[in-house]
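Listing of structure-v6.cif, mmCIF, C-alpha atoms
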data_final
#
loop_
_atom_site.label_atom_id
_atom_site.label_comp_id
_atom_site.auth_asym_id
_atom_site.auth_seq_id
_atom_site.Cartn_x
_atom_site.Cartn_y
_atom_site.Cartn_z
CA MET A 1443 95.74 -3.41 -3.77
CA ALA A 1444 98.80 -4.47 -5.75
CA ASP A 1445 97.10 -4.33 -9.16
CA THR A 1446 95.70 -0.81 -8.74
CA GLY A 1447 96.01 1.15 -11.95
CA ARG A 1448 96.29 -1.77 -14.34
CA VAL A 1449 94.59 -0.85 -17.62
CA ARG A 1450 93.39 -3.24 -20.32
CA ILE A 1451 92.10 -2.40 -23.79
CA ARG A 1452 90.00 -4.78 -25.85
CA LEU A 1453 89.57 -4.29 -29.60
CA PRO A 1454 87.59 -6.35 -32.14
CA SER A 1455 89.54 -9.31 -33.57
CA THR A 1456 89.19 -7.95 -37.12
CA ILE A 1457 89.16 -4.29 -38.09
CA LYS A 1458 88.58 -2.76 -41.54
CA PRO A 1459 89.66 0.73 -42.70
CA GLY A 1460 86.91 3.32 -42.17
CA GLU A 1461 85.00 1.09 -39.76
CA VAL A 1462 83.51 2.33 -36.48
CA ILE A 1463 84.71 -0.14 -33.86
CA ARG A 1464 83.73 -0.65 -30.23
CA VAL A 1465 86.64 -0.16 -27.85
CA ARG A 1466 86.42 -1.47 -24.30
CA SER A 1467 88.83 -0.43 -21.59
CA LEU A 1468 89.05 -1.62 -18.00
CA ILE A 1469 90.97 -0.03 -15.15
CA ILE A 1470 91.63 -1.85 -11.90
CA HIS A 1471 90.97 0.91 -9.36
CA PRO A 1472 89.22 1.03 -5.95
CA MET A 1473 86.99 4.03 -6.82
CA GLU A 1474 86.31 5.02 -3.20
CA THR A 1475 82.80 6.21 -2.51
CA VAL A 1476 81.74 8.88 -0.04
CA GLN A 1477 81.30 7.51 3.45
CA ARG A 1478 78.94 8.69 6.16
CA ASP A 1479 79.06 8.28 9.92
CA THR A 1480 76.27 6.69 11.96
CA GLN A 1481 74.43 10.04 12.10
CA GLY A 1482 74.47 10.34 8.30
CA ASN A 1483 77.10 13.09 8.16
CA LEU A 1484 79.75 13.01 5.45
CA ILE A 1485 83.18 11.80 6.49
CA TRP A 1486 85.49 14.35 4.85
CA LYS A 1487 88.71 13.04 3.32
CA ASN A 1488 90.46 12.98 -0.04
CA TYR A 1489 88.59 10.14 -1.75
CA ASN A 1490 90.53 8.23 -4.41
CA PHE A 1491 88.59 7.86 -7.66
CA ILE A 1492 89.12 8.23 -11.41
CA HIS A 1493 88.02 11.70 -12.53
CA THR A 1494 89.21 11.88 -16.16
CA VAL A 1495 89.42 9.44 -19.09
CA MET A 1496 91.41 10.50 -22.17
CA VAL A 1497 91.71 8.65 -25.49
CA THR A 1498 94.27 9.40 -28.20
CA TYR A 1499 94.48 7.81 -31.65
CA ASN A 1500 97.79 8.28 -33.46
CA GLY A 1501 98.70 11.09 -31.07
CA LYS A 1502 95.47 13.07 -31.51
CA GLU A 1503 92.98 13.33 -28.64
CA VAL A 1504 89.68 11.86 -29.84
CA MET A 1505 87.78 11.66 -26.55
CA ARG A 1506 87.89 13.09 -23.04
CA GLY A 1507 85.40 12.32 -20.30
CA GLU A 1508 84.96 13.25 -16.67
CA THR A 1509 83.55 10.94 -14.03
CA THR A 1510 82.53 11.17 -10.39
CA GLN A 1511 83.03 8.88 -7.44
CA ALA A 1512 79.66 7.31 -8.29
CA VAL A 1513 81.41 5.05 -10.85
CA SER A 1514 81.87 1.48 -9.62
CA GLN A 1515 85.14 -0.12 -8.59
CA ASN A 1516 87.20 -1.45 -11.55
CA PRO A 1517 85.10 0.37 -14.15
CA ILE A 1518 84.82 -0.58 -17.82
CA PHE A 1519 84.51 2.26 -20.33
CA THR A 1520 83.17 1.46 -23.80
CA PHE A 1521 83.17 3.89 -26.71
CA PRO A 1522 82.96 3.93 -30.52
CA LEU A 1523 86.00 4.85 -32.61
CA LYS A 1524 86.20 5.37 -36.36
CA VAL A 1525 89.50 3.91 -37.55
CA ASP A 1526 90.86 5.33 -40.79
CA ARG A 1527 94.46 4.14 -40.58
CA PRO A 1528 96.65 1.78 -38.54
CA GLY A 1529 98.31 3.17 -35.45
CA LYS A 1530 98.35 3.57 -31.71
CA LEU A 1531 95.28 3.91 -29.52
CA THR A 1532 96.04 5.08 -25.97
CA VAL A 1533 93.59 5.20 -23.07
CA THR A 1534 94.69 7.20 -20.02
CA PHE A 1535 92.98 7.55 -16.64
CA LEU A 1536 93.68 10.24 -14.03
CA ASP A 1537 92.70 9.87 -10.37
CA THR A 1538 92.22 12.30 -7.51
CA THR A 1539 95.61 11.44 -5.97
CA GLY A 1540 97.37 12.75 -9.09
CA LYS A 1541 98.25 9.34 -10.50
CA ARG A 1542 98.05 8.61 -14.23
CA TYR A 1543 97.38 5.13 -15.58
CA GLY A 1544 97.38 4.13 -19.22
CA GLU A 1545 97.67 1.49 -21.87
CA THR A 1546 98.32 1.50 -25.61
CA ALA A 1547 96.94 -0.88 -28.24
CA GLU A 1548 97.84 -1.20 -31.92
CA ILE A 1549 95.10 -0.71 -34.51
CA LYS A 1550 95.86 -3.13 -37.36
CA PHE A 1551 93.91 -3.95 -40.51
#

Rewrite the structure of this file - the entire thing - as structure tokens.
Amino acid sequence: MADTGRVRIRLPSTIKPGEVIRVRSLIIHPMETVQRDTQGNLIWKNYNFIHTVMVTYNGKEVMRGETTQAVSQNPIFTFPLKVDRPGKLTVTFLDTTGKRYGETAEIKF
């Protein structure tokens, strides 16, 4: 998949100081699920899925979450964020193959 790892962040069109906004982030990722053989036994391999989501706002970590392979392909993560000043919002995803994917958006008032 050529677009694997592409991250997008969506912010509200208008933001006011001190407001709690809703941030949406999408990562294009296959999120492999566990497979079983015809007898129902697990097929053991190194499955590729996002296991950690990290969010920084002006260089300070404000959220960290862990996921499992039960999350769907190309997942969207939505979270609230209180914005007290303009700056950079970065969302970073880590997968089980050791790859890191991220995107940065500017918070503007």

Compile the contact shell of Gly1540 in chain A as a PDB file with C-alpha atoms, keeping the file's coordinate frame: residues with an atom at most 12 Å away, counting all atoms listed in the file, same-chain residues fewer than 5 positions apart removed.
ATOM      1  CA  ASN A1488      90.460  12.980  -0.040  1.00  0.00           C
ATOM      2  CA  TYR A1489      88.590  10.140  -1.750  1.00  0.00           C
ATOM      3  CA  ASN A1490      90.530   8.230  -4.410  1.00  0.00           C
ATOM      4  CA  PHE A1491      88.590   7.860  -7.660  1.00  0.00           C
ATOM      5  CA  ILE A1492      89.120   8.230 -11.410  1.00  0.00           C
ATOM      6  CA  HIS A1493      88.020  11.700 -12.530  1.00  0.00           C
ATOM      7  CA  THR A1494      89.210  11.880 -16.160  1.00  0.00           C
ATOM      8  CA  PHE A1535      92.980   7.550 -16.640  1.00  0.00           C
TER       9      PHE A1535
END

Requested in this report: Enumerate, as a ChimeraX atom specification, the residues matched when the PyMOL selection byres ((chain A and resi 1536) around 12) is run on the file above.
Outcome: /A:1447,1449,1469,1471,1473,1490-1497,1506-1510,1533-1535,1537-1544

Using only C-alpha atoms, please write the residues we just selected to a file, as a short mmCIF file (atom, residue, chain, number, x, y, z; two decimals), keeping the file's coordinate frame.
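Just written: result36.cif:
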data_model
loop_
_atom_site.label_atom_id
_atom_site.label_comp_id
_atom_site.auth_asym_id
_atom_site.auth_seq_id
_atom_site.Cartn_x
_atom_site.Cartn_y
_atom_site.Cartn_z
CA GLY A 1447 96.01 1.15 -11.95
CA VAL A 1449 94.59 -0.85 -17.62
CA ILE A 1469 90.97 -0.03 -15.15
CA HIS A 1471 90.97 0.91 -9.36
CA MET A 1473 86.99 4.03 -6.82
CA ASN A 1490 90.53 8.23 -4.41
CA PHE A 1491 88.59 7.86 -7.66
CA ILE A 1492 89.12 8.23 -11.41
CA HIS A 1493 88.02 11.70 -12.53
CA THR A 1494 89.21 11.88 -16.16
CA VAL A 1495 89.42 9.44 -19.09
CA MET A 1496 91.41 10.50 -22.17
CA VAL A 1497 91.71 8.65 -25.49
CA ARG A 1506 87.89 13.09 -23.04
CA GLY A 1507 85.40 12.32 -20.30
CA GLU A 1508 84.96 13.25 -16.67
CA THR A 1509 83.55 10.94 -14.03
CA THR A 1510 82.53 11.17 -10.39
CA VAL A 1533 93.59 5.20 -23.07
CA THR A 1534 94.69 7.20 -20.02
CA PHE A 1535 92.98 7.55 -16.64
CA ASP A 1537 92.70 9.87 -10.37
CA THR A 1538 92.22 12.30 -7.51
CA THR A 1539 95.61 11.44 -5.97
CA GLY A 1540 97.37 12.75 -9.09
CA LYS A 1541 98.25 9.34 -10.50
CA ARG A 1542 98.05 8.61 -14.23
CA TYR A 1543 97.38 5.13 -15.58
CA GLY A 1544 97.38 4.13 -19.22
#

Query raised in the report: What does the PyMOL selection byres ((chain A and resi 1450) around 8) select in this file, as number ranges by chain?
Result: A: 1448-1449, 1451-1452, 1467-1469, 1545

Report task. To one decimal in Å, tell me the separation between CA of Lys1524 in chain A and CA of Arg1464 in chain A. Result -> 8.9 Å

Requested in this report: Tell me which residues the PyMOL selection byres ((chain A and resi 1499) around 12) grabs here, as a PyMOL selection string.
Outcome: chain A and resi 1465+1496-1498+1500-1505+1523-1534+1546-1549

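Using all atoms listed in the file, the nearest neighbour of Phe1521 in chain A within the list A:Arg1466, A:Val1476, A:Glu1461, A:Gly1482 is A:Arg1466.
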
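Using only C-alpha atoms, the smallest distance between any of A:Ile1470, A:Trp1486, A:Gln1477, A:Lys1458 and Phe1519 in chain A comes from A:Ile1470.
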
Query raised in the report: Quick one, how far is CA of Ala1512 in chain A from CA of Thr1475 in chain A?
Result: 6.7 Å

Query raised in the report: Suppose you want the space between CA of Arg1478 in chain A and CA of Thr1446 in chain A; what is it in Å?
Result: 24.4 Å

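Nearest residue to Gln1515 in chain A among A:Lys1487, A:Lys1550, A:Gln1481, A:Glu1474 is A:Glu1474, counting only C-alpha atoms.
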
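Proximity ranking of A:Phe1551, A:Asn1483, A:Ile1463, A:Pro1472 relative to Asn1516 in chain A places A:Pro1472 first, based on all atoms listed in the file.
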